[in-house]
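Read through the structure below, which is laid out as structure tokens, and then see the notes.
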Amino acid sequence: MSSTPDPRPIRWVKSTYSGGDGGQCIEWAPDHARATGEFLIRDSKNPNGPRLALTHEEFTGLVELAKHHG
């Protein structure tokens, strides 16, 4: 069985752990994560650049890292 890609654009949200000066901003796609279980991350300064795809566990680890070292 093959799936059809969702034609809707991905809604990106800036991380609350991003730097306030605008230089260290990452975004993630919460709706995509809820729908697929895949947590997409991108650099807000390069929205057409590469994306990082994480599992729930990997995303949780990234958030914990940001909390303790951000």
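In the structure tokens, the first chain shown is A, the next is B, and so on; residue numbers restart at 1 for each chain, and ligands run from 1 in the order shown.
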Can you pull out every residue within 10 Å of segment 61-69 of chain A, counting only C-alpha atoms, but drop anything in the same chain fewer than 2 positions away, and send it as a ChimeraX atom specification?
-> /A:15-18,54-59
Those in segment 4-70 of chain A with strand (DSSP E or B) from DSSP, as a PyMOL selection string | chain A and resi 13-14+26-28+39-43+51-54
By how many Å are atom CA of Glu27 of chain A and atom CA of Thr60 of chain A apart?
->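 Computing the Euclidean distance for atom CA of Glu27 of chain A and atom CA of Thr60 of chain A yields 14.7 Å.
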If we count only C-alpha atoms and set the cut-off at 12 Å, which residues sit around Ala33 of chain A, ignoring sequence neighbours fewer than 4 positions away in its own chain? Please answer as an mmCIF file with C-alpha atoms, in the first residue's frame.
data_model
loop_
_atom_site.group_PDB
_atom_site.id
_atom_site.type_symbol
_atom_site.label_atom_id
_atom_site.label_comp_id
_atom_site.auth_asym_id
_atom_site.auth_seq_id
_atom_site.Cartn_x
_atom_site.Cartn_y
_atom_site.Cartn_z
ATOM 1 C CA ILE A 10 3.664 22.368 6.371
ATOM 2 C CA ARG A 11 3.022 24.888 9.151
ATOM 3 C CA TRP A 12 6.296 25.782 10.887
ATOM 4 C CA VAL A 13 6.528 27.153 14.441
ATOM 5 C CA TRP A 28 9.469 22.614 13.973
ATOM 6 C CA ALA A 29 6.249 21.322 12.398
ATOM 7 C CA GLY A 37 4.917 10.814 14.277
ATOM 8 C CA GLU A 38 7.841 12.385 12.392
ATOM 9 C CA PHE A 39 9.256 15.525 14.021
ATOM 10 C CA LEU A 40 10.647 17.880 11.376
ATOM 11 C CA ILE A 41 13.181 20.570 12.369
ATOM 12 C CA ALA A 53 13.522 14.338 10.741
ATOM 13 C CA LEU A 54 13.431 12.960 14.297
ATOM 14 C CA THR A 55 11.482 10.301 16.152
ATOM 15 C CA HIS A 56 9.507 11.283 19.242
ATOM 16 C CA PHE A 59 12.890 15.132 19.587
#
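Relative to atom CA of Pro9 of chain A, atom CA of Arg42 of chain A is found at 14.6 Å.
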Suppose you want the space between atom CA of Pro47 of chain A and atom CA of Ile26 of chain A; what is it in Å?
->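 So the answer is 9.7 Å.
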Per-residue DSSP, segment 15-68 of chain A, filtered to helix (DSSP H, G or I), as a short mmCIF file (atom, residue, chain, number, x, y, z; two decimals) with C-alpha atoms, in the first residue's frame:
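Written file, selection.cif:
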data_model
loop_
_atom_site.label_atom_id
_atom_site.label_comp_id
_atom_site.auth_asym_id
_atom_site.auth_seq_id
_atom_site.Cartn_x
_atom_site.Cartn_y
_atom_site.Cartn_z
CA PRO A 30 3.86 20.31 15.22
CA ASP A 31 0.88 19.45 12.98
CA HIS A 32 3.08 17.19 10.87
CA ALA A 33 4.40 15.50 14.02
CA ARG A 34 0.88 14.84 15.32
CA ALA A 35 -0.25 13.44 11.97
CA THR A 36 2.79 11.30 11.16
CA HIS A 56 9.51 11.28 19.24
CA GLU A 57 12.33 10.04 21.47
CA GLU A 58 14.98 11.94 19.53
CA PHE A 59 12.89 15.13 19.59
CA THR A 60 12.40 14.78 23.35
CA GLY A 61 16.18 14.45 23.73
CA LEU A 62 16.73 17.60 21.67
CA VAL A 63 14.27 19.56 23.83
CA GLU A 64 15.98 18.33 27.02
CA LEU A 65 19.36 19.36 25.62
CA ALA A 66 18.01 22.84 24.83
CA LYS A 67 16.53 23.15 28.33
CA HIS A 68 19.80 22.33 30.05
#
